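Containing CSV, C-alpha atoms: entry07.csv.
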chain,number,residue,atom,x,y,z
A,1373,MET,CA,-42.7,9.4,30.7
A,1374,ASN,CA,-43.8,10.1,34.2
A,1375,ILE,CA,-42.6,13.4,35.7
A,1376,THR,CA,-43.4,15.6,38.7
A,1377,LEU,CA,-44.9,18.9,37.4
A,1378,ASN,CA,-45.3,21.7,40.0
A,1379,ASN,CA,-45.2,19.1,42.8
A,1380,ARG,CA,-47.8,16.8,41.2
A,1381,PRO,CA,-47.3,13.6,39.2
A,1382,ASP,CA,-48.0,14.0,35.5
A,1383,SER,CA,-47.7,11.6,32.5
A,1384,PHE,CA,-47.0,12.1,28.9
A,1385,GLU,CA,-47.0,9.7,25.9
A,1386,GLU,CA,-43.6,11.1,24.7
A,1387,ASP,CA,-40.4,9.7,26.1
A,1388,THR,CA,-39.0,13.2,26.2
A,1389,LEU,CA,-40.1,16.8,25.6
A,1390,THR,CA,-38.3,20.1,25.6
A,1391,PHE,CA,-39.5,22.8,27.9
A,1392,GLU,CA,-41.0,24.7,25.0
A,1393,GLU,CA,-43.0,21.6,24.0
A,1394,LEU,CA,-44.1,21.0,27.5
A,1395,ILE,CA,-45.3,24.6,27.9
A,1396,LYS,CA,-47.3,24.3,24.6
A,1397,LYS,CA,-48.7,20.9,25.5
A,1398,LYS,CA,-49.9,22.0,28.9
A,1399,ASN,CA,-51.2,25.2,27.4
A,1400,PHE,CA,-49.3,27.4,29.9
A,1401,THR,CA,-50.1,30.7,28.3
A,1402,PHE,CA,-48.9,33.0,31.0
A,1403,LYS,CA,-46.8,35.9,29.7
A,1404,LEU,CA,-43.9,35.4,32.2
A,1405,ILE,CA,-42.8,32.3,33.7
A,1406,VAL,CA,-39.8,30.8,35.4
A,1407,THR,CA,-38.9,27.2,34.6
A,1408,LYS,CA,-36.9,24.8,36.7
A,1409,LEU,CA,-35.6,21.3,36.0
A,1410,ASN,CA,-34.6,19.2,39.1
A,1411,GLY,CA,-34.2,22.4,41.1
A,1412,LYS,CA,-32.1,24.3,38.6
A,1413,VAL,CA,-33.4,27.3,36.7
A,1414,VAL,CA,-33.8,26.8,33.0
A,1415,LYS,CA,-33.5,30.2,31.3
A,1416,LYS,CA,-36.0,31.4,28.7
A,1417,HIS,CA,-33.5,31.0,25.8
A,1418,GLU,CA,-32.7,27.5,26.9
A,1419,ARG,CA,-36.3,26.2,26.8
A,1420,ALA,CA,-36.1,25.1,23.2
A,1421,GLN,CA,-33.0,23.0,23.8
A,1422,ILE,CA,-33.3,21.5,27.3
A,1423,SER,CA,-35.2,18.2,27.4
A,1424,ILE,CA,-37.3,16.7,30.1
A,1425,HIS,CA,-37.1,12.9,30.8
A,1426,ASP,CA,-38.8,10.3,32.8
A,1427,GLY,CA,-38.5,10.9,36.5
A,1428,ASP,CA,-37.6,14.6,36.2
A,1429,ASP,CA,-38.9,17.2,38.7
A,1430,VAL,CA,-40.2,20.1,36.6
A,1431,MET,CA,-41.5,23.5,37.8
A,1432,VAL,CA,-43.3,26.2,35.8
A,1433,MET,CA,-44.0,29.2,37.9
A,1434,HIS,CA,-46.2,32.1,36.8
A,1435,LEU,CA,-44.9,35.5,37.6
A,1436,VAL,CA,-47.2,38.4,38.2
A,1437,SER,CA,-46.5,42.1,38.3
A,1438,GLY,CA,-46.8,44.0,41.6
A,1439,GLY,CA,-44.5,45.2,44.3
B,763,MET,CA,-32.6,31.7,71.2
B,764,ASN,CA,-33.1,34.9,73.2
B,765,ILE,CA,-33.3,38.4,71.7
B,766,LYS,CA,-29.7,39.2,72.5
B,767,GLN,CA,-28.5,36.1,70.6
B,768,ILE,CA,-30.9,36.9,67.7
B,769,PHE,CA,-29.6,40.5,67.4
B,770,LYS,CA,-26.0,39.3,67.7
B,771,ILE,CA,-26.4,37.0,64.7
B,772,LEU,CA,-28.4,39.5,62.6
B,773,LYS,CA,-26.0,42.3,63.0
B,774,THR,CA,-23.3,40.3,61.2
B,775,LYS,CA,-25.6,39.9,58.1
B,776,THR,CA,-25.9,41.8,54.8
B,777,ILE,CA,-29.1,41.9,52.9
B,778,GLY,CA,-29.7,43.2,49.4
B,779,ILE,CA,-33.1,44.7,48.4
B,780,ALA,CA,-33.8,45.0,44.7
B,781,GLY,CA,-36.4,47.8,44.4
B,782,CYS,CA,-37.6,50.3,47.0
B,783,GLY,CA,-41.3,50.4,46.2
B,784,GLY,CA,-44.1,48.9,48.3
B,785,LEU,CA,-42.3,45.6,49.0
B,786,GLY,CA,-38.8,46.9,49.3
B,787,SER,CA,-39.4,49.9,51.4
B,788,ASN,CA,-41.6,48.1,53.9
B,789,CYS,CA,-39.4,45.0,54.0
B,790,ALA,CA,-36.4,47.3,54.6
B,791,ALA,CA,-38.2,49.0,57.5
B,792,ALA,CA,-38.8,45.6,59.2
B,793,LEU,CA,-35.2,44.5,58.6
B,794,THR,CA,-33.8,47.8,60.0
B,795,ARG,CA,-35.9,47.3,63.2
B,796,LEU,CA,-34.3,43.9,63.5
B,797,GLY,CA,-30.8,45.4,63.4
B,798,ILE,CA,-29.5,43.7,60.3
B,799,GLY,CA,-25.8,44.7,59.9
B,800,LYS,CA,-25.9,46.1,56.4
B,801,ILE,CA,-28.8,46.7,54.0
B,802,ILE,CA,-28.0,47.4,50.3
B,803,LEU,CA,-30.8,49.3,48.5
B,804,ALA,CA,-31.3,49.8,44.8
B,805,ASP,CA,-33.9,51.7,42.9
B,806,PHE,CA,-33.8,54.3,40.0
B,807,ASP,CA,-37.2,55.9,40.7
B,808,VAL,CA,-38.3,59.0,42.6
B,809,VAL,CA,-41.0,59.2,45.2
B,810,ASP,CA,-44.4,60.1,43.7
B,811,VAL,CA,-47.4,61.2,45.7
B,812,SER,CA,-49.3,58.1,44.7
B,813,ASN,CA,-46.6,55.9,46.3
B,814,LEU,CA,-47.5,57.2,49.7
B,815,ALA,CA,-50.6,54.9,49.6
B,816,ARG,CA,-48.4,51.9,50.4
B,817,GLN,CA,-44.7,52.8,50.4
B,818,TYR,CA,-42.5,53.8,53.4
B,819,TYR,CA,-42.1,57.5,52.5
B,820,PHE,CA,-43.4,60.8,53.8
B,821,HIS,CA,-45.2,63.6,52.0
B,822,GLU,CA,-42.3,66.0,52.1
B,823,GLN,CA,-40.1,63.4,50.3
B,824,VAL,CA,-42.1,63.5,47.1
B,825,GLY,CA,-39.7,64.1,44.2
B,826,GLU,CA,-36.7,62.7,46.1
B,827,LYS,CA,-34.8,59.7,44.8
B,828,LYS,CA,-36.3,56.6,46.5
B,829,ALA,CA,-33.0,54.9,47.4
B,830,PHE,CA,-31.8,58.0,49.2
B,831,ALA,CA,-35.2,58.9,50.8
B,832,LEU,CA,-35.5,55.4,52.1
B,833,ALA,CA,-32.0,55.4,53.5
B,834,ASP,CA,-32.9,58.6,55.4
B,835,ASN,CA,-36.1,57.0,56.8
B,836,LEU,CA,-34.3,53.8,57.8
B,837,HIS,CA,-31.5,55.8,59.5
B,838,HIS,CA,-34.2,57.5,61.6
B,839,ILE,CA,-35.5,54.1,62.7
B,840,ASN,CA,-32.1,52.6,63.6
B,841,PRO,CA,-28.9,54.6,63.0
B,842,ILE,CA,-26.7,51.6,63.8
B,843,VAL,CA,-27.7,49.7,60.6
B,844,GLU,CA,-25.4,50.5,57.7
B,845,ILE,CA,-27.5,51.5,54.7
B,846,ILE,CA,-26.0,51.6,51.2
B,847,PRO,CA,-28.4,53.3,48.8
B,848,ASN,CA,-27.9,52.9,45.1
B,849,ASP,CA,-29.7,55.2,42.7
B,850,ILE,CA,-29.5,52.8,39.8
B,851,LYS,CA,-31.7,50.7,37.4
B,852,LEU,CA,-30.8,47.1,38.0
B,853,GLY,CA,-29.9,44.7,35.2
B,854,PRO,CA,-27.9,41.5,35.5
B,855,ASN,CA,-24.6,43.4,35.6
B,856,GLU,CA,-25.6,45.8,38.3
B,857,ILE,CA,-27.1,42.9,40.4
B,858,ILE,CA,-23.9,40.9,40.1
B,859,THR,CA,-21.8,44.0,41.2
B,860,ILE,CA,-24.0,45.5,43.9
B,861,PHE,CA,-25.3,42.3,45.6
B,862,LYS,CA,-22.2,40.1,45.4
B,863,ASP,CA,-21.4,40.1,49.2
B,864,CYS,CA,-25.0,39.7,50.3
B,865,ASP,CA,-26.1,36.8,52.6
B,866,LEU,CA,-29.6,37.0,51.2
B,867,ILE,CA,-31.4,39.0,48.5
B,868,ILE,CA,-35.0,40.3,48.5
B,869,GLU,CA,-36.7,40.8,45.2
B,870,ALA,CA,-39.0,43.8,45.4
B,871,PHE,CA,-39.5,44.8,41.8
B,872,ASP,CA,-43.0,45.7,40.4
B,873,LEU,CA,-42.7,44.2,36.9
B,874,ALA,CA,-42.9,40.5,36.3
B,875,GLU,CA,-40.1,40.8,33.6
B,876,MET,CA,-37.8,42.2,36.3
B,877,LYS,CA,-38.7,39.4,38.7
B,878,GLN,CA,-37.8,36.8,36.0
B,879,MET,CA,-34.5,38.7,35.3
B,880,ILE,CA,-33.3,38.6,38.9
B,881,ILE,CA,-34.4,35.0,39.4
B,882,GLU,CA,-32.4,33.9,36.3
B,883,THR,CA,-29.4,36.1,37.2
B,884,CYS,CA,-29.2,34.9,40.8
B,885,ALA,CA,-29.6,31.3,39.8
B,886,GLU,CA,-26.6,31.7,37.5
B,887,TYR,CA,-24.3,33.9,39.5
B,888,PHE,CA,-25.4,33.5,43.2
B,889,PRO,CA,-26.6,29.9,43.4
B,890,ASP,CA,-25.7,29.7,47.1
B,891,THR,CA,-27.5,33.0,48.1
B,892,PRO,CA,-31.1,32.7,49.1
B,893,LEU,CA,-33.4,34.9,47.0
B,894,ILE,CA,-36.9,35.8,48.3
B,895,VAL,CA,-39.4,36.9,45.6
B,896,GLY,CA,-42.7,38.6,46.1
B,897,ASN,CA,-45.3,37.2,43.6
B,898,GLY,CA,-48.9,38.3,43.7
B,899,MET,CA,-50.2,40.8,46.2
B,900,ALA,CA,-52.6,43.1,44.4
B,901,GLY,CA,-56.0,44.0,45.8
B,902,TRP,CA,-57.4,43.5,49.2
B,903,GLY,CA,-58.7,40.7,51.5
B,904,ASN,CA,-58.1,37.0,51.0
B,905,ASN,CA,-55.5,36.8,53.7
B,906,ASN,CA,-55.2,33.1,53.6
B,907,ALA,CA,-54.3,33.0,49.9
B,908,ILE,CA,-51.0,34.6,50.7
B,909,LYS,CA,-48.3,32.0,51.4
B,910,THR,CA,-44.6,31.1,51.2
B,911,SER,CA,-43.1,28.4,49.0
B,912,LYS,CA,-39.6,27.1,48.7
B,913,ILE,CA,-38.8,26.3,45.1
B,914,GLY,CA,-35.5,24.5,44.7
B,915,LYS,CA,-32.5,25.1,46.9
B,916,ASN,CA,-32.3,28.9,47.3
B,917,LEU,CA,-35.5,30.3,45.7
B,918,TYR,CA,-38.4,31.3,47.9
B,919,VAL,CA,-41.7,32.9,46.9
B,920,CYS,CA,-44.1,34.9,49.0
B,921,GLY,CA,-47.5,36.0,47.7
B,922,ASP,CA,-50.7,34.5,46.3
B,923,GLY,CA,-49.1,33.7,43.0
B,924,LEU,CA,-52.1,35.1,41.1
B,925,SER,CA,-53.2,38.7,41.8
B,926,GLU,CA,-51.6,40.9,39.2
B,927,ILE,CA,-51.8,44.7,39.4
B,928,SER,CA,-54.5,46.2,37.2
B,929,GLU,CA,-57.0,49.0,37.1
B,930,GLU,CA,-59.5,46.9,39.0
B,931,LEU,CA,-56.9,45.4,41.3
B,932,PRO,CA,-54.6,48.1,42.6
B,933,PRO,CA,-51.7,47.5,45.0
B,934,LEU,CA,-53.0,48.5,48.5
B,935,ALA,CA,-51.0,49.0,51.7
B,936,PRO,CA,-52.2,46.1,53.8
B,937,ARG,CA,-51.6,43.3,51.3
B,938,VAL,CA,-48.4,44.7,50.0
B,939,GLY,CA,-47.3,45.2,53.6
B,940,ILE,CA,-48.2,41.6,54.5
B,941,VAL,CA,-46.0,40.2,51.6
B,942,ALA,CA,-43.2,42.6,52.4
B,943,ASN,CA,-43.2,41.5,56.1
B,944,MET,CA,-43.5,37.9,55.0
B,945,GLN,CA,-40.3,38.4,53.0
B,946,ALA,CA,-38.6,40.0,56.0
B,947,ASN,CA,-39.9,37.2,58.3
B,948,LEU,CA,-38.6,34.5,56.0
B,949,ALA,CA,-35.3,36.3,55.7
B,950,VAL,CA,-34.9,36.2,59.5
B,951,SER,CA,-35.7,32.5,59.7
B,952,ILE,CA,-33.2,31.7,56.9
B,953,LEU,CA,-30.5,33.8,58.5
B,954,LEU,CA,-31.1,32.3,61.9
B,955,ASN,CA,-30.6,28.9,60.2
B,956,ASN,CA,-34.2,27.8,60.5
B,957,GLU,CA,-35.2,27.2,57.0
B,958,LYS,CA,-38.8,26.4,57.6
B,959,PRO,CA,-40.7,28.4,54.9
B,960,ASN,CA,-43.8,28.9,57.1
Now that the file is in, can you turn its structure into structure tokens?
Amino acid sequence: MNITLNNRPDSFEEDTLTFEELIKKKNFTFKLIVTKLNGKVVKKHERAQISIHDGDDVMVMHLVSGG
Amino acid sequence: MNIKQIFKILKTKTIGIAGCGGLGSNCAAALTRLGIGKIILADFDVVDVSNLARQYYFHEQVGEKKAFALADNLHHINPIVEIIPNDIKLGPNEIITIFKDCDLIIEAFDLAEMKQMIIETCAEYFPDTPLIVGNGMAGWGNNNAIKTSKIGKNLYVCGDGLSEISEELPPLAPRVGIVANMQANLAVSILLNNEKPN
């Protein structure tokens, strides 16, 4: 599948991946992230269930402390 | 738009500020000078002497509750602005209750866990309310790394996205102030219906 990941095109052999699988595959090891699928927030506890498909717009944002 | 027209619009608006530390206190000061109609503050903390390095408090306020001390300071800047201070620790339920009538919400927490919590809460309960998050402002210098991004329909992020607070990278007044004022600047542009993030 071909998706947009953080505003850049990206390709995967799989036809579909859950958010959890994508995070593992891309080696996003940040402690705290916010995930979005086609503009909609995917909550932490939903990452194992919600799947990403061809053409999806995916965002994984790293959050850092400070303020 | 002239200044009269700008003030006329802004005085009809309500902004919620989640956290009254470096981001929240400085952002609130800018918004108060702009004559926003109502500002709803929330913080559970008290003013510590170390906060004076970057937060909008004064030495004689050390030990006071931040939400009330900030309300006093804002009142001195512009007594016409209605300030609603809440001495409270925000979780999803408190956010839903306190910020339900806001036209826009500013995230000004220090901990990344809390930033995540408010983003997820607002996405679920206030999908039509713009949320402006501060993300990455520790340290000094590197002006041009600080930027604004629009992520999805109503989520905006100001900061460098990288610089996390640590022993070697403390939060310092100028960079925290830049991000706080970027949040205020973006709030104005959203409220004036000009949704350009930069």
*Leaving out A:Phe1384 and any residue of its chain fewer than 6 positions from it, which residues lie within 10 Å of it when counting only C-alpha atoms, given as a PyMOL selection string?*
chain A and resi 1373-1375+1394+1397+1426
_What are the residues of chain B lining chain A at 6 Å or less? Count only C-alpha atoms, and put the answer as a ChimeraX atom specification._
/B:784-785,870-874,897-898,914,926-927
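Interatomic distance, atom CA of A:Ser1383 against atom CA of B:Ser911: 24.0 Å.
For the pair atom CA of B:Asp890 and atom CA of A:Leu1389, the interatomic distance is 28.9 Å.
If you look at atom CA of B:Leu931 and atom CA of B:Lys827, they are 26.6 Å away from each other.
With all atoms listed in the file as the basis for measurement, A:Phe1391 is the residue among A:Phe1391, A:Thr1401, A:Thr1376, A:Val1432 that approaches A:Ala1420 most closely.
Nearest-residue note for A:Thr1390: choosing from A:Glu1418, A:Leu1377, A:Phe1402, A:Ser1423, the minimum distance belongs to A:Ser1423, counting only C-alpha atoms.
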